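Dropping run-v9.cif in here (mmCIF, C-alpha atoms):
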```cif
data_structure
loop_
_atom_site.label_atom_id
_atom_site.label_comp_id
_atom_site.auth_asym_id
_atom_site.auth_seq_id
_atom_site.Cartn_x
_atom_site.Cartn_y
_atom_site.Cartn_z
CA MET K 1 45.88 30.21 -79.48
CA LYS K 2 42.96 32.54 -78.73
CA PHE K 3 43.64 34.33 -82.03
CA PHE K 4 43.26 31.11 -84.00
CA ILE K 5 40.05 30.21 -82.18
CA PHE K 6 38.66 33.69 -82.83
CA PHE K 7 39.65 33.54 -86.50
CA GLY K 8 38.16 30.06 -86.80
CA LEU K 9 34.84 31.22 -85.37
CA ILE K 10 34.72 34.17 -87.77
CA PHE K 11 35.42 31.86 -90.71
CA PHE K 12 32.73 29.46 -89.49
CA PHE K 13 30.04 32.13 -89.26
CA ILE K 14 30.99 33.63 -92.62
CA SER K 15 30.75 30.16 -94.17
CA ILE K 16 27.34 29.57 -92.63
CA SER K 17 26.12 32.95 -93.85
CA SER K 18 27.42 32.28 -97.35
CA PHE K 19 25.71 28.90 -97.41
CA GLN K 20 22.42 30.45 -96.29
CA VAL K 21 22.64 33.08 -99.02
CA PHE K 22 23.43 30.43 -101.62
CA ALA K 23 20.61 28.21 -100.39
CA THR K 24 17.96 30.90 -100.69
CA SER K 25 15.72 31.10 -103.73
CA ASP K 26 14.26 34.00 -105.67
CA PRO K 27 10.73 33.30 -106.99
CA GLU K 28 10.83 36.49 -109.08
CA LYS K 29 13.84 35.24 -111.01
CA GLY K 30 12.06 31.90 -111.34
CA LYS K 31 9.03 33.72 -112.76
CA ALA K 32 11.17 35.22 -115.51
CA ARG K 33 12.61 31.81 -116.37
CA TYR K 34 9.14 30.24 -116.37
CA ALA K 35 8.55 31.71 -119.85
CA VAL K 36 10.24 28.55 -121.18
CA CYS K 37 7.68 26.36 -119.38
CA GLN K 38 4.40 28.15 -119.93
CA ALA K 39 3.97 27.06 -123.56
CA CYS K 40 3.27 23.53 -122.27
CA HIS K 41 2.32 23.86 -118.59
CA GLY K 42 0.30 27.06 -119.06
CA THR K 43 0.74 30.54 -117.67
CA ASP K 44 -1.07 29.34 -114.54
CA GLY K 45 0.87 26.06 -114.23
CA MET K 46 -2.32 24.01 -114.46
CA GLY K 47 -1.02 21.82 -117.29
CA ASN K 48 -2.40 20.79 -120.65
CA LYS K 49 -3.49 17.24 -121.46
CA ALA K 50 -3.27 17.88 -125.22
CA LEU K 51 0.44 18.60 -124.74
CA ASN K 52 0.89 15.83 -122.14
CA SER K 53 1.96 18.42 -119.59
CA PRO K 54 0.86 17.87 -115.97
CA LYS K 55 -0.28 20.44 -113.45
CA ILE K 56 2.72 21.78 -111.55
CA ALA K 57 1.28 24.82 -109.77
CA GLY K 58 1.57 24.51 -106.01
CA GLN K 59 3.69 21.36 -106.03
CA GLU K 60 6.35 21.29 -103.31
CA ALA K 61 9.51 23.19 -104.23
CA TRP K 62 11.80 20.41 -102.98
CA TYR K 63 10.16 17.88 -105.29
CA ILE K 64 10.19 20.16 -108.33
CA GLU K 65 13.84 20.94 -107.68
CA ARG K 66 14.74 17.26 -107.45
CA GLN K 67 12.93 16.35 -110.65
CA LEU K 68 14.49 19.22 -112.61
CA LYS K 69 17.92 18.10 -111.41
CA ASN K 70 17.09 14.51 -112.38
CA TYR K 71 16.06 15.59 -115.86
CA LYS K 72 19.15 17.71 -116.28
CA ALA K 73 21.47 14.94 -115.06
CA GLY K 74 19.86 12.36 -117.34
CA ILE K 75 18.46 10.36 -114.42
CA ARG K 76 15.01 10.97 -115.84
CA GLY K 77 13.92 11.59 -119.41
CA THR K 78 16.52 9.53 -121.26
CA HIS K 79 14.70 6.21 -121.73
CA PRO K 80 13.89 5.75 -125.44
CA LYS K 81 10.23 5.06 -124.59
CA ASP K 82 9.88 8.16 -122.42
CA ARG K 83 9.04 10.56 -125.24
CA PHE K 84 7.45 13.19 -123.01
CA GLY K 85 10.26 12.90 -120.47
CA MET K 86 12.74 13.58 -123.25
CA GLN K 87 10.87 16.74 -124.16
CA MET K 88 10.99 17.84 -120.53
CA ARG K 89 14.70 17.10 -120.24
CA ALA K 90 15.44 19.52 -123.08
CA MET K 91 13.66 22.23 -121.09
CA ALA K 92 15.52 21.41 -117.87
CA LEU K 93 18.83 21.72 -119.71
CA THR K 94 18.07 25.40 -120.34
CA LEU K 95 18.45 26.06 -116.59
CA ALA K 96 22.08 27.05 -116.14
CA ASP K 97 22.78 25.86 -112.59
CA ASP K 98 21.32 24.68 -109.29
CA HIS K 99 20.46 28.24 -108.27
CA SER K 100 18.38 28.70 -111.43
CA ILE K 101 16.61 25.43 -110.69
CA ARG K 102 15.94 26.52 -107.10
CA ASP K 103 14.46 29.84 -108.28
CA MET K 104 12.23 28.04 -110.77
CA ALA K 105 11.04 25.55 -108.15
CA ALA K 106 10.26 28.36 -105.71
CA TYR K 107 8.16 30.22 -108.27
CA VAL K 108 6.22 27.16 -109.47
CA SER K 109 5.52 26.14 -105.88
CA SER K 110 4.17 29.62 -105.14
CA MET K 111 1.73 29.57 -108.08
CA PRO K 112 -1.89 29.48 -106.85
CA VAL K 113 -4.03 26.49 -107.79
CA LYS K 114 -6.83 28.26 -109.62
CA SER K 115 -9.12 25.36 -110.46
CA SER K 116 -9.63 21.65 -109.92
CA VAL K 117 -8.42 19.22 -112.57
CA GLU K 118 -10.84 17.37 -114.81
CA GLN K 119 -11.28 13.64 -114.23
CA THR K 120 -10.69 11.78 -117.50
CA ILE K 121 -10.16 8.14 -116.51
CA LYS K 122 -13.10 5.84 -115.93
CA GLY K 123 -12.06 3.55 -113.13
CA ASP K 124 -13.50 1.85 -110.09
CA VAL K 125 -12.91 4.50 -107.43
CA GLU K 126 -13.80 2.18 -104.53
CA ALA K 127 -11.38 -0.48 -105.77
CA GLY K 128 -8.75 2.24 -106.20
CA LYS K 129 -9.37 3.44 -102.64
CA THR K 130 -8.65 -0.05 -101.33
CA LEU K 131 -5.45 -0.28 -103.36
CA TYR K 132 -4.37 3.19 -102.23
CA VAL K 133 -3.69 1.75 -98.77
CA LEU K 134 -0.33 0.68 -100.24
CA CYS K 135 0.41 4.30 -101.14
CA GLN K 136 -0.83 6.24 -98.14
CA SER K 137 1.95 5.20 -95.76
CA CYS K 138 4.26 7.44 -97.83
CA HIS K 139 1.99 9.84 -99.70
CA GLY K 140 -0.52 10.32 -96.89
CA PRO K 141 -4.20 9.35 -96.58
CA ALA K 142 -5.26 12.51 -98.42
CA GLY K 143 -2.42 12.40 -100.95
CA GLU K 144 -0.79 15.35 -99.18
CA GLY K 145 2.75 13.98 -99.51
CA ASN K 146 5.53 13.72 -96.96
CA LYS K 147 8.88 15.47 -97.42
CA THR K 148 10.48 13.37 -94.68
CA LEU K 149 9.75 10.27 -96.76
CA ASN K 150 10.59 12.04 -100.04
CA SER K 151 7.04 11.46 -101.22
CA PRO K 152 5.41 14.25 -103.27
CA ARG K 153 1.84 15.46 -103.03
CA LEU K 154 -0.49 13.50 -105.33
CA ALA K 155 -3.75 15.30 -104.58
CA GLY K 156 -4.67 17.58 -107.46
CA LEU K 157 -2.61 15.80 -110.11
CA GLN K 158 -4.40 14.73 -113.29
CA ASP K 159 -5.51 11.10 -113.39
CA TRP K 160 -3.99 10.56 -116.88
CA TYR K 161 -0.60 11.75 -115.63
CA ILE K 162 -0.72 9.54 -112.54
CA ALA K 163 -1.64 6.52 -114.67
CA ARG K 164 1.17 7.19 -117.13
CA GLN K 165 3.78 7.53 -114.40
CA LEU K 166 2.61 4.31 -112.72
CA ARG K 167 2.93 2.51 -116.05
CA ASN K 168 6.37 4.05 -116.57
CA PHE K 169 7.53 2.89 -113.14
CA LYS K 170 6.11 -0.59 -113.73
CA ALA K 171 7.77 -0.92 -117.15
CA GLY K 172 11.14 0.36 -115.93
CA ILE K 173 10.88 3.49 -118.06
CA ARG K 174 11.17 5.45 -114.84
CA GLY K 175 12.82 4.48 -111.56
CA LYS K 176 15.43 2.15 -112.98
CA LYS K 177 18.23 4.60 -113.77
CA ARG K 178 21.23 4.66 -111.44
CA GLY K 179 20.96 7.67 -109.16
CA ASP K 180 17.16 7.64 -108.96
CA MET K 181 17.02 6.26 -105.43
CA PHE K 182 13.49 7.42 -104.68
CA GLY K 183 12.22 6.31 -108.08
CA MET K 184 13.63 2.87 -107.34
CA GLN K 185 11.61 2.83 -104.12
CA MET K 186 8.47 3.71 -106.06
CA ARG K 187 8.94 1.09 -108.76
CA PRO K 188 8.08 -2.01 -106.63
CA MET K 189 4.86 -0.27 -105.57
CA ALA K 190 3.86 0.21 -109.21
CA MET K 191 4.84 -3.36 -110.02
CA SER K 192 2.35 -4.60 -107.42
CA LEU K 193 -0.47 -3.24 -109.60
CA ALA K 194 -1.52 -6.17 -111.75
CA ASN K 195 -2.63 -4.49 -114.96
CA ASP K 196 -3.80 -1.28 -116.64
CA GLU K 197 -7.30 -1.66 -115.22
CA VAL K 198 -5.93 -1.69 -111.68
CA ILE K 199 -3.68 1.28 -112.45
CA ASN K 200 -6.70 3.18 -113.76
CA ASN K 201 -8.61 2.39 -110.58
CA VAL K 202 -5.84 3.84 -108.41
CA ALA K 203 -5.50 6.91 -110.65
CA ALA K 204 -9.27 7.45 -110.58
CA PHE K 205 -9.28 7.40 -106.78
CA ILE K 206 -6.30 9.74 -106.43
CA ALA K 207 -8.10 12.17 -108.75
CA THR K 208 -10.84 12.47 -106.10
CA LEU K 209 -8.37 13.73 -103.48
CA LYS K 210 -8.47 17.50 -103.10
#
```

Encoded form (structure tokens):
Amino acid sequence: MKFFIFFGLIFFFISISSFQVFATSDPEKGKARYAVCQACHGTDGMGNKALNSPKIAGQEAWYIERQLKNYKAGIRGTHPKDRFGMQMRAMALTLADDHSIRDMAAYVSSMPVKSSVEQTIKGDVEAGKTLYVLCQSCHGPAGEGNKTLNSPRLAGLQDWYIARQLRNFKAGIRGKKRGDMFGMQMRPMAMSLANDEVINNVAAFIATLK
């Protein structure tokens, strides 16, 4: 009996160790794979409006990992009206497995934020601040995000990207696909924004968060 208990404990600790090794990420490997991404997102990860590519440098690894998996699984980037999402999905499909995705997410998250993003949307910042009260319970008063609530950081994202994603959520282009549980939670929030003017106001305020 003692032999079986001893053997069971050894197996348990080996399993835990194996899981920990598998769960680790290698930013250096992610850096090598980032060559596929830099044509759009830039060598510094700061994005490019002309290519409709948002800033990704410094975003939380857990959120990047989830979105890459969503793209790869077809949970995101398959709606016929999501042209830019479709382009991104093709890139995500080049990542062979979950470990490759984890490495990529670790590298992108480690990239320093070298400069602030340019504000491009003319909106009523004060009106957007009032509306942001709906958002801050999940995303935080400073747009810092909250992993416990599966809410990514918004501070530092480009206003045009925020506005586009809010419109996508509202129109069902994003957050309607089966398997996108957290996108489905976000969609009712976007639907509470009456029109494009209101969306622009919220995006303009979020762009002020550093």

**Request:** Have a look at K:Ala35, K:Ala171, K:Ile121, K:Ala163 and name the one nearest to K:His79; count all atoms listed in the file.
**Result:** K:Ala171

**Item:** Separation of atom CA of K:Ala106 from atom CA of K:Pro27, in Å and rounded to one decimal
**Value:** 5.1 Å

**Picked residues, the PyMOL selection byres ((chain K and resi 70) around 12), expected as a ChimeraX atom specification** = /K:63-69,71-78,85-86,88-90,92-93,98,101,174-175,177-183

**Request:** Do a neighbour search on K:Tyr34 at 12 Å with all atoms listed in the file, toss out local chain neighbours closer than 5 positions, and write the hits as a VMD selection string.
**Result:** chain K and resid 27 to 29 39 to 45 56 to 57 91 to 92 94 to 95 100 to 101 103 to 109 111

Selected residues, C-alpha atoms, written as a JSON list (two decimals), keeping the file's coordinate frame, please.
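Resulting contents of out_20.json:
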```
[["chain", "number", "residue", "atom", "x", "y", "z"],
["K", 27, "PRO", "CA", 10.73, 33.30, -106.99],
["K", 28, "GLU", "CA", 10.83, 36.49, -109.08],
["K", 29, "LYS", "CA", 13.84, 35.24, -111.01],
["K", 39, "ALA", "CA", 3.97, 27.06, -123.56],
["K", 40, "CYS", "CA", 3.27, 23.53, -122.27],
["K", 41, "HIS", "CA", 2.32, 23.86, -118.59],
["K", 42, "GLY", "CA", 0.30, 27.06, -119.06],
["K", 43, "THR", "CA", 0.74, 30.54, -117.67],
["K", 44, "ASP", "CA", -1.07, 29.34, -114.54],
["K", 45, "GLY", "CA", 0.87, 26.06, -114.23],
["K", 56, "ILE", "CA", 2.72, 21.78, -111.55],
["K", 57, "ALA", "CA", 1.28, 24.82, -109.77],
["K", 91, "MET", "CA", 13.66, 22.23, -121.09],
["K", 92, "ALA", "CA", 15.52, 21.41, -117.87],
["K", 94, "THR", "CA", 18.07, 25.40, -120.34],
["K", 95, "LEU", "CA", 18.45, 26.06, -116.59],
["K", 100, "SER", "CA", 18.38, 28.70, -111.43],
["K", 101, "ILE", "CA", 16.61, 25.43, -110.69],
["K", 103, "ASP", "CA", 14.46, 29.84, -108.28],
["K", 104, "MET", "CA", 12.23, 28.04, -110.77],
["K", 105, "ALA", "CA", 11.04, 25.55, -108.15],
["K", 106, "ALA", "CA", 10.26, 28.36, -105.71],
["K", 107, "TYR", "CA", 8.16, 30.22, -108.27],
["K", 108, "VAL", "CA", 6.22, 27.16, -109.47],
["K", 109, "SER", "CA", 5.52, 26.14, -105.88],
["K", 111, "MET", "CA", 1.73, 29.57, -108.08]]
```

**Message:** Using only C-alpha atoms for the distances, tell me which of K:Gln87, K:Gln136, K:Thr120, K:Asn150 is nearest to K:Asn201.
**Reply:** K:Thr120

Restore N, CA, C and O atoms in stretch 74-85 of chain K and list the result as an mmCIF file, keeping the file's coordinate frame.
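Output file part_36.cif is given in full below:
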```cif
data_model
loop_
_atom_site.group_PDB
_atom_site.id
_atom_site.type_symbol
_atom_site.label_atom_id
_atom_site.label_comp_id
_atom_site.auth_asym_id
_atom_site.auth_seq_id
_atom_site.Cartn_x
_atom_site.Cartn_y
_atom_site.Cartn_z
ATOM 1 N N GLY K 74 20.118 13.549 -116.542
ATOM 2 C CA GLY K 74 19.860 12.360 -117.340
ATOM 3 C C GLY K 74 19.371 11.178 -116.527
ATOM 4 O O GLY K 74 19.303 10.055 -117.027
ATOM 5 N N ILE K 75 19.006 11.418 -115.271
ATOM 6 C CA ILE K 75 18.460 10.360 -114.420
ATOM 7 C C ILE K 75 17.012 10.082 -114.823
ATOM 8 O O ILE K 75 16.520 8.966 -114.696
ATOM 9 N N ARG K 76 16.375 11.099 -115.342
ATOM 10 C CA ARG K 76 15.010 10.970 -115.840
ATOM 11 C C ARG K 76 14.916 11.608 -117.227
ATOM 12 O O ARG K 76 15.579 12.603 -117.512
ATOM 13 N N GLY K 77 14.129 11.001 -118.099
ATOM 14 C CA GLY K 77 13.920 11.590 -119.410
ATOM 15 C C GLY K 77 14.897 11.156 -120.481
ATOM 16 O O GLY K 77 15.038 11.825 -121.506
ATOM 17 N N THR K 78 15.570 10.016 -120.252
ATOM 18 C CA THR K 78 16.520 9.530 -121.260
ATOM 19 C C THR K 78 16.126 8.163 -121.818
ATOM 20 O O THR K 78 16.741 7.690 -122.773
ATOM 21 N N HIS K 79 15.142 7.522 -121.214
ATOM 22 C CA HIS K 79 14.700 6.210 -121.730
ATOM 23 C C HIS K 79 14.070 6.417 -123.099
ATOM 24 O O HIS K 79 13.271 7.335 -123.301
ATOM 25 N N PRO K 80 14.412 5.575 -124.077
ATOM 26 C CA PRO K 80 13.890 5.750 -125.440
ATOM 27 C C PRO K 80 12.372 5.713 -125.543
ATOM 28 O O PRO K 80 11.810 6.232 -126.511
ATOM 29 N N LYS K 81 11.694 5.109 -124.553
ATOM 30 C CA LYS K 81 10.230 5.060 -124.590
ATOM 31 C C LYS K 81 9.582 6.208 -123.812
ATOM 32 O O LYS K 81 8.358 6.326 -123.800
ATOM 33 N N ASP K 82 10.409 7.035 -123.199
ATOM 34 C CA ASP K 82 9.880 8.160 -122.420
ATOM 35 C C ASP K 82 9.898 9.421 -123.281
ATOM 36 O O ASP K 82 10.659 10.358 -123.035
ATOM 37 N N ARG K 83 9.049 9.451 -124.280
ATOM 38 C CA ARG K 83 9.040 10.560 -125.240
ATOM 39 C C ARG K 83 8.770 11.904 -124.568
ATOM 40 O O ARG K 83 9.429 12.892 -124.851
ATOM 41 N N PHE K 84 7.803 11.925 -123.659
ATOM 42 C CA PHE K 84 7.450 13.190 -123.010
ATOM 43 C C PHE K 84 8.523 13.588 -121.998
ATOM 44 O O PHE K 84 8.772 14.776 -121.794
ATOM 45 N N GLY K 85 9.147 12.603 -121.379
ATOM 46 C CA GLY K 85 10.260 12.900 -120.470
ATOM 47 C C GLY K 85 11.438 13.497 -121.216
ATOM 48 O O GLY K 85 12.128 14.392 -120.715
#
```
